[in-house]
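Chemist: I am sharing data.tsv, which consists of TSV, C-alpha atoms:
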```
chain	number	residue	atom	x	y	z
A	12	MET	CA	85.89	129.54	62.21
A	13	ARG	CA	83.32	132.10	61.10
A	14	VAL	CA	83.76	135.62	62.49
A	15	TYR	CA	81.77	138.78	61.89
A	16	VAL	CA	83.66	142.06	61.49
A	17	PRO	CA	81.71	145.29	62.02
A	18	LEU	CA	82.45	148.06	59.53
A	19	THR	CA	81.00	151.11	57.84
A	20	LEU	CA	80.66	151.54	54.08
A	21	PRO	CA	83.90	153.60	53.93
A	22	GLY	CA	85.61	150.85	55.94
A	23	LEU	CA	84.36	148.29	53.43
A	24	ALA	CA	85.62	150.47	50.57
A	25	GLU	CA	89.06	150.66	52.22
A	26	ALA	CA	89.17	146.88	52.70
A	27	HIS	CA	88.17	146.39	49.07
A	28	LYS	CA	90.87	148.80	47.89
A	29	ASN	CA	93.55	147.11	50.03
A	30	GLY	CA	92.32	143.56	49.43
A	31	GLU	CA	92.32	142.89	53.16
A	32	LEU	CA	90.79	143.76	56.49
A	33	GLY	CA	93.43	145.12	58.80
A	34	PRO	CA	96.43	145.58	59.02
A	35	ALA	CA	96.01	146.11	62.75
A	36	ALA	CA	94.21	143.72	65.06
A	37	LEU	CA	90.51	143.49	64.23
A	38	GLY	CA	87.62	143.45	66.62
A	39	ALA	CA	85.03	140.90	65.55
A	40	TYR	CA	82.29	138.65	66.88
A	41	ALA	CA	81.99	134.87	66.82
A	42	VAL	CA	80.31	131.98	68.56
A	43	THR	CA	82.33	131.95	71.78
A	44	PRO	CA	81.70	129.83	74.88
A	45	ALA	CA	80.26	132.90	76.65
A	46	LEU	CA	77.87	133.58	73.76
A	47	ARG	CA	76.79	129.92	73.78
A	48	GLU	CA	76.11	130.09	77.50
A	49	TRP	CA	74.21	133.36	77.24
A	50	TYR	CA	72.12	132.31	74.23
A	51	VAL	CA	71.47	128.79	75.56
A	52	SER	CA	71.20	127.11	72.18
A	53	ASP	CA	72.96	124.28	70.43
A	54	ASP	CA	71.75	125.40	67.00
A	55	ILE	CA	74.86	126.77	65.28
A	56	GLU	CA	72.80	128.85	62.84
A	57	GLU	CA	71.02	130.60	65.71
A	58	LEU	CA	74.32	131.18	67.48
A	59	GLU	CA	75.95	132.60	64.34
A	60	TYR	CA	72.94	134.86	63.85
A	61	ALA	CA	73.41	136.11	67.42
A	62	ALA	CA	77.10	136.82	66.69
A	63	LEU	CA	76.11	138.63	63.47
A	64	ASN	CA	73.67	140.78	65.46
A	65	ARG	CA	76.37	141.62	68.00
A	66	ALA	CA	78.57	142.75	65.10
A	67	ALA	CA	75.69	144.84	63.72
A	68	GLN	CA	75.43	146.56	67.11
A	69	ALA	CA	79.17	147.28	66.97
A	70	SER	CA	78.76	148.67	63.44
A	71	LEU	CA	76.10	151.02	64.82
A	72	ARG	CA	78.67	152.24	67.37
A	73	LEU	CA	81.11	152.90	64.52
A	74	LEU	CA	78.42	154.93	62.77
A	75	ALA	CA	77.72	156.91	65.93
A	76	GLY	CA	81.41	157.87	66.04
A	77	ASN	CA	81.49	158.85	62.35
A	78	PRO	CA	78.56	161.19	61.68
A	79	GLY	CA	79.59	161.91	58.08
A	80	VAL	CA	79.25	158.34	56.76
A	81	ALA	CA	76.19	156.66	55.25
A	82	ARG	CA	73.87	155.37	57.95
A	83	ARG	CA	74.01	151.71	56.97
A	84	ARG	CA	75.42	149.02	59.22
A	85	VAL	CA	77.99	146.74	57.56
A	86	VAL	CA	79.24	143.35	58.72
A	87	VAL	CA	81.73	141.17	56.86
A	88	ALA	CA	81.51	137.43	57.54
A	89	LEU	CA	85.01	135.92	57.38
A	90	ASP	CA	86.32	132.41	57.65
A	91	VAL	CA	89.54	132.32	59.65
A	92	PRO	CA	91.60	129.38	60.95
A	93	GLU	CA	90.77	128.07	64.41
A	94	GLY	CA	92.79	130.01	66.94
A	95	ALA	CA	93.10	133.12	64.73
A	96	ALA	CA	90.24	134.78	66.64
A	97	VAL	CA	90.63	134.90	70.41
A	98	ALA	CA	88.19	136.01	73.11
A	99	ASP	CA	89.53	138.08	75.99
A	100	PRO	CA	89.26	135.77	79.04
A	101	ASP	CA	89.06	138.78	81.37
A	102	ARG	CA	85.87	139.99	79.66
A	103	GLY	CA	84.19	136.60	79.33
A	104	LEU	CA	81.48	137.38	81.88
A	105	ASP	CA	80.94	140.98	80.72
A	106	GLN	CA	77.59	140.93	78.89
A	107	SER	CA	78.70	143.79	76.60
A	108	ALA	CA	81.58	141.60	75.38
A	109	LEU	CA	79.56	138.47	74.54
A	110	GLY	CA	80.90	136.96	71.35
A	111	GLU	CA	83.69	139.53	71.10
A	112	VAL	CA	86.96	138.25	69.65
A	113	ARG	CA	90.19	139.79	68.40
A	114	ILE	CA	91.88	138.76	65.18
A	115	THR	CA	95.57	139.46	65.58
A	116	GLY	CA	96.51	140.37	62.04
A	117	PRO	CA	95.19	141.31	58.63
A	118	VAL	CA	92.79	138.97	56.85
A	119	PRO	CA	92.59	138.83	53.05
A	120	LEU	CA	89.20	139.92	51.80
A	121	SER	CA	89.24	136.70	49.76
A	122	LYS	CA	88.47	134.92	53.06
A	123	ALA	CA	85.12	136.73	53.24
A	124	ALA	CA	82.09	134.47	52.92
A	125	ALA	CA	79.57	137.31	52.60
A	126	VAL	CA	78.85	140.93	53.36
A	127	HIS	CA	75.77	141.98	55.31
A	128	VAL	CA	74.50	145.55	54.85
A	129	ASP	CA	71.37	147.49	55.74
A	130	ALA	CA	68.96	148.22	52.91
A	131	ALA	CA	68.57	151.87	51.95
A	132	ASP	CA	65.14	152.02	53.60
A	133	ALA	CA	66.77	151.28	56.98
A	134	GLU	CA	68.87	154.45	56.88
A	135	PRO	CA	66.42	156.73	58.76
A	136	ASP	CA	66.06	154.25	61.64
A	137	VAL	CA	69.81	153.53	61.71
A	138	ALA	CA	70.56	157.28	61.72
A	139	ALA	CA	68.15	157.81	64.61
A	140	ALA	CA	69.66	154.86	66.48
A	141	ALA	CA	73.21	156.14	66.00
A	142	ALA	CA	72.15	159.58	67.27
A	143	ALA	CA	70.41	158.06	70.31
A	144	LEU	CA	73.17	155.63	71.26
A	145	GLY	CA	74.88	157.90	73.81
A	146	ALA	CA	71.65	158.60	75.67
A	147	ALA	CA	70.72	154.91	75.57
A	148	ASP	CA	74.08	154.06	77.12
A	149	GLN	CA	73.23	156.47	79.94
A	150	GLY	CA	69.99	154.59	80.67
A	151	ASP	CA	67.46	156.67	78.71
A	152	ASP	CA	64.62	154.24	77.94
A	153	ASP	CA	63.24	156.31	75.04
A	154	ALA	CA	66.70	156.42	73.46
A	155	GLN	CA	67.05	152.65	73.95
A	156	PHE	CA	63.74	152.17	72.17
A	157	THR	CA	65.12	154.19	69.24
A	158	VAL	CA	68.35	152.15	69.22
A	159	ASP	CA	66.33	148.93	69.26
A	160	GLY	CA	64.44	150.23	66.21
A	161	ALA	CA	67.52	149.68	64.06
A	162	GLU	CA	67.44	146.01	65.01
A	163	ASP	CA	64.01	145.72	63.42
A	164	HIS	CA	65.86	145.82	60.10
A	165	ASP	CA	67.60	142.60	59.08
A	166	LEU	CA	70.88	143.06	57.30
A	167	MET	CA	70.80	142.01	53.67
A	168	TRP	CA	73.18	139.34	52.38
A	169	PHE	CA	75.60	140.15	49.54
A	170	ALA	CA	78.23	138.04	47.83
A	171	VAL	CA	81.79	139.32	48.03
A	172	GLN	CA	81.69	139.97	44.27
A	173	GLU	CA	78.97	142.57	44.93
A	174	ILE	CA	81.19	144.80	47.08
A	175	PRO	CA	81.98	147.22	44.20
A	176	GLU	CA	78.23	147.89	43.82
A	177	LEU	CA	77.82	148.46	47.58
A	178	ILE	CA	80.61	151.01	47.88
A	179	ARG	CA	79.64	153.18	44.91
```
Could you write out this file's structure as structure tokens?

Modeler:
Amino acid sequence: MRVYVPLTLPGLAEAHKNGELGPAALGAYAVTPALREWYVSDDIEELEYAALNRAAQASLRLLAGNPGVARRRVVVALDVPEGAAVADPDRGLDQSALGEVRITGPVPLSKAAAVHVDAADAEPDVAAAAAALGAADQGDDDAQFTVDGAEDHDLMWFAVQEIPELIR
């Protein structure tokens, strides 16, 4: 099963140093039944892209809570055994939890299929989005427009072997 773990660049550096993501339970995103129902598509690539975008939004939230880190969203795509990632049945209908899963233990970084990171030119928009996130959550339409601006930037794909270059 493919899952998408939201991180920051320091979080990616820590995972690289330790050789694993964890050790505590990990929040991630995947193609869940609720995400399938919401997205109304049978195309697995489209559904996985939707899960990746949900993880990118969660990475933005991590950035908003850590003002001192580089303003680049990071998502690690992992392959985990079926059943290793579980959706919370109580939050299945909560739109903010679409695609959300929990991985109960650490996952070796060797299980990563790829790393997705913003390009350097996205940093100003990602920084503005992280700063506006609180106001957007309170219903400010202008702030939401700024947050949506980060989504105009597609995350770039990197092989796991490229992590040392990303965290320099």

Chemist: Tell me, as a VMD selection string, which residues lie within 12 Å of region 57-65 of chain A, counting all atoms listed in the file; anything in the same chain fewer than 6 positions away does not count.

Modeler: chain A and resid 12 to 17 38 to 51 71 to 72 84 to 89 106 to 112 125 to 128 159 161 to 168

Chemist: Grab the CA of Asp90 (chain A) to CA of Asp53 (chain A) distance for me, in Å with one decimal place.

Modeler: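 Between CA of Asp90 (chain A) and CA of Asp53 (chain A) the gap works out to 20.2 Å.
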
Chemist: Smallest atom-to-atom distance to Ile178 (chain A): which of A:Arg113, A:Arg82, A:His27, A:Lys122, using only C-alpha atoms?

Modeler: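 The shortest atom-to-atom distance to Ile178 (chain A) comes from A:His27.
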
Chemist: Mind pulling up the distance from CA of Gln155 (chain A) to CA of Leu23 (chain A)?

Modeler: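 CA of Gln155 (chain A) lies 27.2 Å from CA of Leu23 (chain A).
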
Chemist: Hey, which of A:Ala138, A:Leu32, A:Val171, A:Ala131 ends up closest to Leu74 (chain A)? Count all atoms listed in the file.

Modeler: A:Ala138

Chemist: Can you tell me, as a list in words, what residues are no more than 8 Å from Ala133 (chain A) when counting all atoms listed in the file, ignoring any on the same chain fewer than 3 positions away?

Modeler: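 My list of contacting residues is Arg83, Asp129, Ala130, Asp136, Val137, Ala161 and His164 of chain A.
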
Chemist: Just the residues within 8 Å of Pro34 (chain A), please, counting only C-alpha atoms, with nothing from its chain fewer than 4 positions along; format it as a list of chain:residue names.

Modeler: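 Returned residues: A:Gly116, A:Pro117, A:Val118.
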